[in-house]
file my_file31.cif (mmCIF, C-alpha atoms)
data_my_file
#
loop_
_atom_site.label_atom_id
_atom_site.label_comp_id
_atom_site.auth_asym_id
_atom_site.auth_seq_id
_atom_site.Cartn_x
_atom_site.Cartn_y
_atom_site.Cartn_z
CA MET A 1 -11.37 28.82 21.46
CA SER A 2 -10.16 25.24 21.29
CA SER A 3 -7.67 23.66 18.86
CA ALA A 4 -9.06 20.16 19.42
CA THR A 5 -10.32 18.29 16.36
CA ILE A 6 -14.00 17.47 16.55
CA THR A 7 -16.56 15.88 14.24
CA VAL A 8 -20.23 16.62 13.77
CA ARG A 9 -22.46 14.37 11.73
CA CYS A 10 -25.81 15.30 10.33
CA ALA A 11 -28.59 12.75 10.09
CA CYS A 12 -28.62 13.39 6.32
CA GLY A 13 -25.10 11.99 5.97
CA TRP A 14 -23.14 15.24 5.89
CA GLU A 15 -20.26 15.50 8.32
CA LYS A 16 -17.51 17.92 9.19
CA THR A 17 -14.26 17.27 11.01
CA GLY A 18 -11.80 19.94 12.02
CA ALA A 19 -11.02 22.59 14.54
CA GLU A 20 -13.87 23.47 16.84
CA ASP A 21 -14.54 26.88 15.33
CA ASP A 22 -14.44 25.53 11.76
CA VAL A 23 -16.88 22.74 12.60
CA ILE A 24 -19.22 25.15 14.33
CA VAL A 25 -19.20 27.47 11.32
CA GLY A 26 -19.62 24.58 8.89
CA THR A 27 -22.40 22.95 10.84
CA THR A 28 -24.27 26.21 11.30
CA GLU A 29 -23.97 26.92 7.60
CA HIS A 30 -25.08 23.40 6.64
CA GLY A 31 -28.01 23.50 9.04
CA GLY A 32 -29.21 26.87 7.80
CA ARG A 33 -28.69 26.23 4.12
CA LEU A 34 -30.09 22.71 3.81
CA HIS A 35 -32.33 22.26 6.81
CA ASN A 36 -33.54 25.75 7.76
CA MET A 37 -31.99 25.31 11.19
CA THR A 38 -30.23 27.86 13.36
CA PRO A 39 -28.25 25.89 15.95
CA THR A 40 -26.32 27.72 18.63
CA ARG A 41 -22.65 27.10 19.29
CA ASP A 42 -23.53 25.05 22.36
CA GLU A 43 -25.99 22.97 20.39
CA VAL A 44 -23.36 22.17 17.77
CA LEU A 45 -20.84 21.28 20.46
CA SER A 46 -23.36 19.00 22.14
CA MET A 47 -23.46 16.90 18.98
CA THR A 48 -19.78 16.27 18.45
CA VAL A 49 -18.67 12.68 18.05
CA SER A 50 -15.43 11.46 19.55
CA SER A 51 -14.41 9.02 16.87
CA ALA A 52 -15.00 8.54 13.16
CA ASP A 53 -15.98 4.98 13.97
CA ASP A 54 -18.62 5.67 16.55
CA PRO A 55 -21.30 8.17 15.63
CA TYR A 56 -23.22 7.63 18.81
CA VAL A 57 -20.58 8.73 21.28
CA THR A 58 -21.39 12.38 21.75
CA SER A 59 -19.82 14.97 23.95
CA GLU A 60 -22.82 14.58 26.22
CA SER A 61 -22.63 10.80 26.34
CA ARG A 62 -18.89 10.95 26.97
CA ARG A 63 -19.62 12.94 30.07
CA THR A 64 -22.28 10.53 31.26
CA LEU A 65 -20.68 7.36 29.92
CA LYS A 66 -23.96 6.42 28.30
CA ARG A 67 -24.80 5.82 24.71
CA ALA A 68 -27.58 7.70 23.04
CA PRO A 69 -29.92 5.52 20.97
CA ALA A 70 -30.00 6.08 17.27
CA ARG A 71 -33.14 7.59 15.82
CA PRO A 72 -34.63 5.56 12.98
CA THR A 73 -34.82 7.48 9.73
CA THR A 74 -35.87 4.99 7.12
CA ARG A 75 -38.89 3.59 8.85
CA SER A 76 -41.25 5.43 11.06
CA ALA A 77 -43.54 4.29 13.79
CA ARG A 78 -46.73 6.14 14.48
CA THR A 79 -46.81 7.80 17.85
CA PRO A 80 -49.54 6.18 19.95
CA LYS A 81 -52.37 8.43 20.92
CA GLY A 82 -51.95 9.94 24.33
CA SER A 83 -48.22 9.50 24.42
CA MET B 1 -32.01 24.74 24.44
CA THR B 2 -32.92 22.17 21.83
CA ARG B 3 -31.12 18.91 22.48
CA PHE B 4 -29.50 16.83 19.80
CA PRO B 5 -28.92 13.52 21.59
CA ASP B 6 -26.88 11.67 19.04
CA ARG B 7 -26.32 13.74 15.94
CA PHE B 8 -27.29 16.88 14.14
CA ASP B 9 -30.89 16.43 13.12
CA VAL B 10 -33.92 18.46 12.18
CA GLN B 11 -36.05 19.36 15.18
CA GLY B 12 -39.31 21.14 15.84
CA PRO B 13 -43.02 20.42 15.94
CA VAL B 14 -43.50 20.78 12.17
CA GLN B 15 -41.01 19.46 9.65
CA ALA B 16 -40.97 19.19 5.88
CA GLU B 17 -39.85 16.03 4.18
CA VAL B 18 -38.97 16.70 0.57
CA PHE B 19 -38.71 14.09 -2.16
CA VAL B 20 -36.83 15.55 -5.11
CA VAL B 21 -38.03 13.64 -8.15
CA TRP B 22 -36.96 13.77 -11.78
CA LEU B 23 -37.72 11.91 -14.98
CA ALA B 24 -34.80 9.75 -16.04
CA GLY B 25 -35.78 8.59 -19.49
CA ASP B 26 -38.83 6.43 -18.94
CA HIS B 27 -38.76 6.17 -15.17
CA LEU B 28 -38.74 8.39 -12.11
CA GLU B 29 -35.77 8.78 -9.82
CA LEU B 30 -35.24 10.22 -6.35
CA THR B 31 -32.36 12.59 -5.76
CA GLY B 32 -31.44 15.53 -3.57
CA PRO B 33 -28.53 17.30 -1.89
CA CYS B 34 -28.70 14.80 0.98
CA GLY B 35 -28.65 11.87 -1.44
CA ALA B 36 -31.46 9.77 -2.87
CA ALA B 37 -33.40 10.04 0.36
CA PRO B 38 -35.97 12.19 2.13
CA TRP B 39 -34.65 15.72 2.64
CA LEU B 40 -35.74 17.08 6.01
CA ILE B 41 -36.30 20.78 6.54
CA GLU B 42 -37.19 22.47 9.81
CA LEU B 43 -40.25 24.73 9.76
CA GLY B 44 -40.55 27.61 12.17
CA ALA B 45 -43.73 28.97 13.67
CA ASP B 46 -43.80 31.84 11.17
CA ASP B 47 -42.74 29.80 8.15
CA HIS B 48 -45.10 28.97 5.33
CA PRO B 49 -44.17 25.39 4.48
CA VAL B 50 -44.48 25.72 0.71
CA ASP B 51 -42.50 28.97 0.66
CA VAL B 52 -39.67 27.51 2.73
CA VAL B 53 -39.46 24.31 0.73
CA THR B 54 -39.52 26.19 -2.58
CA ARG B 55 -36.90 28.66 -1.38
CA ILE B 56 -34.50 26.02 -0.11
CA VAL B 57 -34.93 23.68 -3.08
CA SER B 58 -34.38 26.63 -5.42
CA ALA B 59 -31.24 27.71 -3.59
CA GLU B 60 -29.68 24.28 -3.22
CA VAL B 61 -30.82 22.40 -6.31
CA GLY B 62 -32.29 24.93 -8.69
CA VAL B 63 -35.75 26.26 -9.40
CA PRO B 64 -38.13 23.29 -9.32
CA LEU B 65 -40.84 22.70 -11.89
CA LEU B 66 -43.33 21.86 -9.16
CA VAL B 67 -43.48 21.78 -5.39
CA HIS B 68 -46.51 20.11 -3.93
CA SER B 69 -47.41 18.84 -0.49
CA THR B 70 -48.77 15.33 -0.85
CA SER B 71 -49.43 14.00 2.64
CA TRP B 72 -48.85 14.44 6.32
CA ARG B 73 -48.21 12.14 9.22
CA ARG B 74 -47.17 12.11 12.84
CA ASP B 75 -43.57 10.99 13.30
CA ARG B 76 -40.25 12.06 14.83
CA GLU B 77 -42.23 13.75 17.63
CA ALA B 78 -43.51 16.18 15.01
CA VAL B 79 -46.01 16.65 12.23
CA ILE B 80 -44.24 15.75 9.01
CA LEU B 81 -45.43 17.42 5.82
CA SER B 82 -44.33 15.47 2.79
CA PHE B 83 -43.53 17.31 -0.43
CA VAL B 84 -42.76 16.17 -3.93
CA ALA B 85 -40.42 18.58 -5.69
CA VAL B 86 -40.21 17.92 -9.41
CA ILE B 87 -37.01 19.07 -11.04
CA ASP B 88 -35.65 19.13 -14.56
CA ARG B 89 -33.02 16.50 -15.33
CA ARG B 90 -30.43 19.24 -15.93
CA LEU B 91 -30.52 20.11 -12.24
CA VAL B 92 -29.52 16.66 -11.03
CA GLY B 93 -25.84 17.23 -11.69
CA SER B 94 -23.64 15.23 -9.31
CA MET B 95 -26.38 14.52 -6.79
CA ALA B 96 -26.90 10.86 -5.99
CA SER B 97 -29.98 9.43 -7.66
CA LEU B 98 -31.84 6.13 -7.54
CA PRO B 99 -34.85 4.75 -9.40
CA ILE B 100 -38.05 4.93 -7.36
CA GLU B 101 -39.41 1.49 -6.68
CA ARG B 102 -43.06 0.74 -6.24
CA ALA B 103 -44.47 0.04 -2.79
CA ALA B 104 -47.77 -1.00 -1.33
CA LEU B 105 -49.48 1.90 0.39
CA ALA B 106 -49.66 2.08 4.15
CA ARG B 107 -53.32 1.55 4.95
CA GLY B 108 -55.07 2.59 8.12
CA GLU B 109 -58.53 1.91 9.44
CA ALA B 110 -61.62 4.06 9.23
CA THR B 111 -60.54 6.30 12.08
CA VAL B 112 -57.04 5.05 12.81
CA ALA B 113 -53.92 5.88 10.86
CA PRO B 114 -51.44 3.23 9.74
CA HIS B 115 -49.16 2.09 12.54
CA ASP B 116 -46.03 1.78 10.48
CA ILE B 117 -45.10 3.79 7.41
CA ALA B 118 -41.98 3.27 5.32
CA THR B 119 -40.36 6.00 3.28
CA ALA B 120 -41.10 4.10 0.08
CA GLN B 121 -44.80 4.17 0.96
CA VAL B 122 -44.71 7.95 1.41
CA VAL B 123 -43.07 8.32 -2.01
CA GLU B 124 -45.62 5.94 -3.53
CA HIS B 125 -48.45 8.02 -2.18
CA GLY B 126 -46.74 11.22 -3.32
CA LEU B 127 -46.52 9.97 -6.88
CA ARG B 128 -50.13 8.78 -6.78
CA HIS B 129 -50.97 12.30 -5.71
CA MET B 130 -49.04 13.68 -8.68
CA ALA B 131 -50.90 11.21 -10.92
CA TRP B 132 -54.14 12.68 -9.59
CA LEU B 133 -52.98 16.27 -10.04
CA VAL B 134 -51.83 15.79 -13.61
CA GLU B 135 -55.39 14.82 -14.49
CA ASP B 136 -57.21 17.22 -12.20
CA ASP B 137 -55.06 20.37 -11.96
CA GLN B 138 -54.55 22.56 -15.01
CA VAL B 139 -51.30 24.06 -13.71
CA VAL B 140 -49.73 20.68 -13.04
CA ALA B 141 -51.04 19.32 -16.32
CA ALA B 142 -49.45 22.20 -18.18
CA ILE B 143 -46.07 21.78 -16.50
CA LEU B 144 -45.59 18.03 -16.62
CA SER B 145 -44.62 16.70 -20.02
CA SER B 146 -46.21 13.82 -21.88
CA GLU B 147 -43.22 11.72 -20.80
CA TRP B 148 -44.02 12.54 -17.20
CA ARG B 149 -47.64 11.59 -17.77
CA ARG B 150 -46.52 8.24 -19.12
CA ALA B 151 -44.28 7.68 -16.12
CA LEU B 152 -47.17 8.48 -13.79
CA SER B 153 -49.72 6.46 -15.72
CA SER B 154 -49.16 3.32 -13.68
CA TYR B 155 -49.82 5.16 -10.42
CA ALA B 156 -53.42 5.04 -9.22
CA PRO B 157 -54.49 8.67 -8.81
CA GLU B 158 -55.03 9.63 -5.19
CA PRO B 159 -55.42 13.03 -3.51
CA PHE B 160 -53.67 14.39 -0.44
CA ARG B 161 -54.23 12.39 2.71
CA ASN B 162 -53.08 11.67 6.21
CA LEU B 163 -50.61 8.79 6.24
CA GLY B 164 -50.29 8.47 9.95
#
call {"tool": "encode", "arguments": {"input": "my_file31.cif", "output": "structure tokens"}}
result
Amino acid sequence: MSSATITVRCACGWEKTGAEDDVIVGTTEHGGRLHNMTPTRDEVLSMTVSSADDPYVTSESRRTLKRAPARPTTRSARTPKGS
Amino acid sequence: MTRFPDRFDVQGPVQAEVFVVWLAGDHLELTGPCGAAPWLIELGADDHPVDVVTRIVSAEVGVPLLVHSTSWRRDREAVILSFVAVIDRRLVGSMASLPIERAALARGEATVAPHDIATAQVVEHGLRHMAWLVEDDQVVAAILSSEWRRALSSYAPEPFRNLG
């Protein structure tokens, strides 16, 4: 168990900041209740953001020093056939 | 393990996109627990889409008047099933809500789907679908009020279709 403060943001705008265990519980509850999702603890931890100002710095990208691209949500592009 | 590269987001090969709509006086508004925006719901291999959407809308918002799938498209590396969930105004509560603006439909070719589809176009088609149902489906006609019919009257009736 860690006492570090972490933040997880959902694509829908919901977010939770707090102790690791609290965020995991909150995110799991949010995912199940609103989105029919059942994320594992590791999956939740893989989505933590390091700063309230930068939603695209994840625990994974911190390790690799790369930024993950944002996924568009308001406009969609059709997936080309064969891709 | 499913990867979430940048944030917590709905995954999976089939996803539901719910538009929670209500009649605000003389016009229609979009609302929902995630704001006045599409509400994404993950669908498992054993899930019946309508059952899941109805269950989750009922639990989070309240029992809807209608839940109807209005279109599908390929997006987000998944098949997206769009739903219109009609709710009574008393269920809106503190949820954010915005008037639904009209949009030109996304049009494809004879055998090719539209290349670019905006959320507003999905809503537009969904309400055209409701305009069709209120004239064609006895259950929908019985549920939607005369005020709803008036609000839908400017939408050209159109059945379910593939948007992309």
call {"tool": "residues_around", "arguments": {"input": "my_file31.cif", "residues": "Glu124 of chain B", "least_positions_apart": "6", "cutoff": "7 Å", "atoms": "only C-alpha atoms", "output": "PyMOL selection string"}}
result
chain B and resi 102-103+105
call {"tool": "atom_distance", "arguments": {"input": "my_file31.cif", "atom1": "atom CA of Ala16 of chain B", "atom2": "atom CA of Phe83 of chain B"}}
result
7.1 Å
call {"tool": "resolve_selection", "arguments": {"input": "my_file31.cif", "expression": "the PyMOL selection byres ((chain B and resi 36) around 6)", "output": "JSON, numbers by chain"}}
result
{"B": [30, 31, 32, 35, 37, 96, 97, 98]}
call {"tool": "atom_distance", "arguments": {"input": "my_file31.cif", "atom1": "atom CA of Ala118 of chain B", "atom2": "atom CA of Leu66 of chain B"}}
result
23.6 Å
call {"tool": "residues_around", "arguments": {"input": "my_file31.cif", "residues": "Ser145 of chain B", "least_positions_apart": "5", "cutoff": "10 Å", "atoms": "only C-alpha atoms", "output": "list in words"}}
result
Leu23, Val134, Val140, Arg150 and Ala151 of chain B
call {"tool": "atom_distance", "arguments": {"input": "my_file31.cif", "atom1": "atom CA of Ile41 of chain B", "atom2": "atom CA of Leu65 of chain B"}}
result
19.1 Å
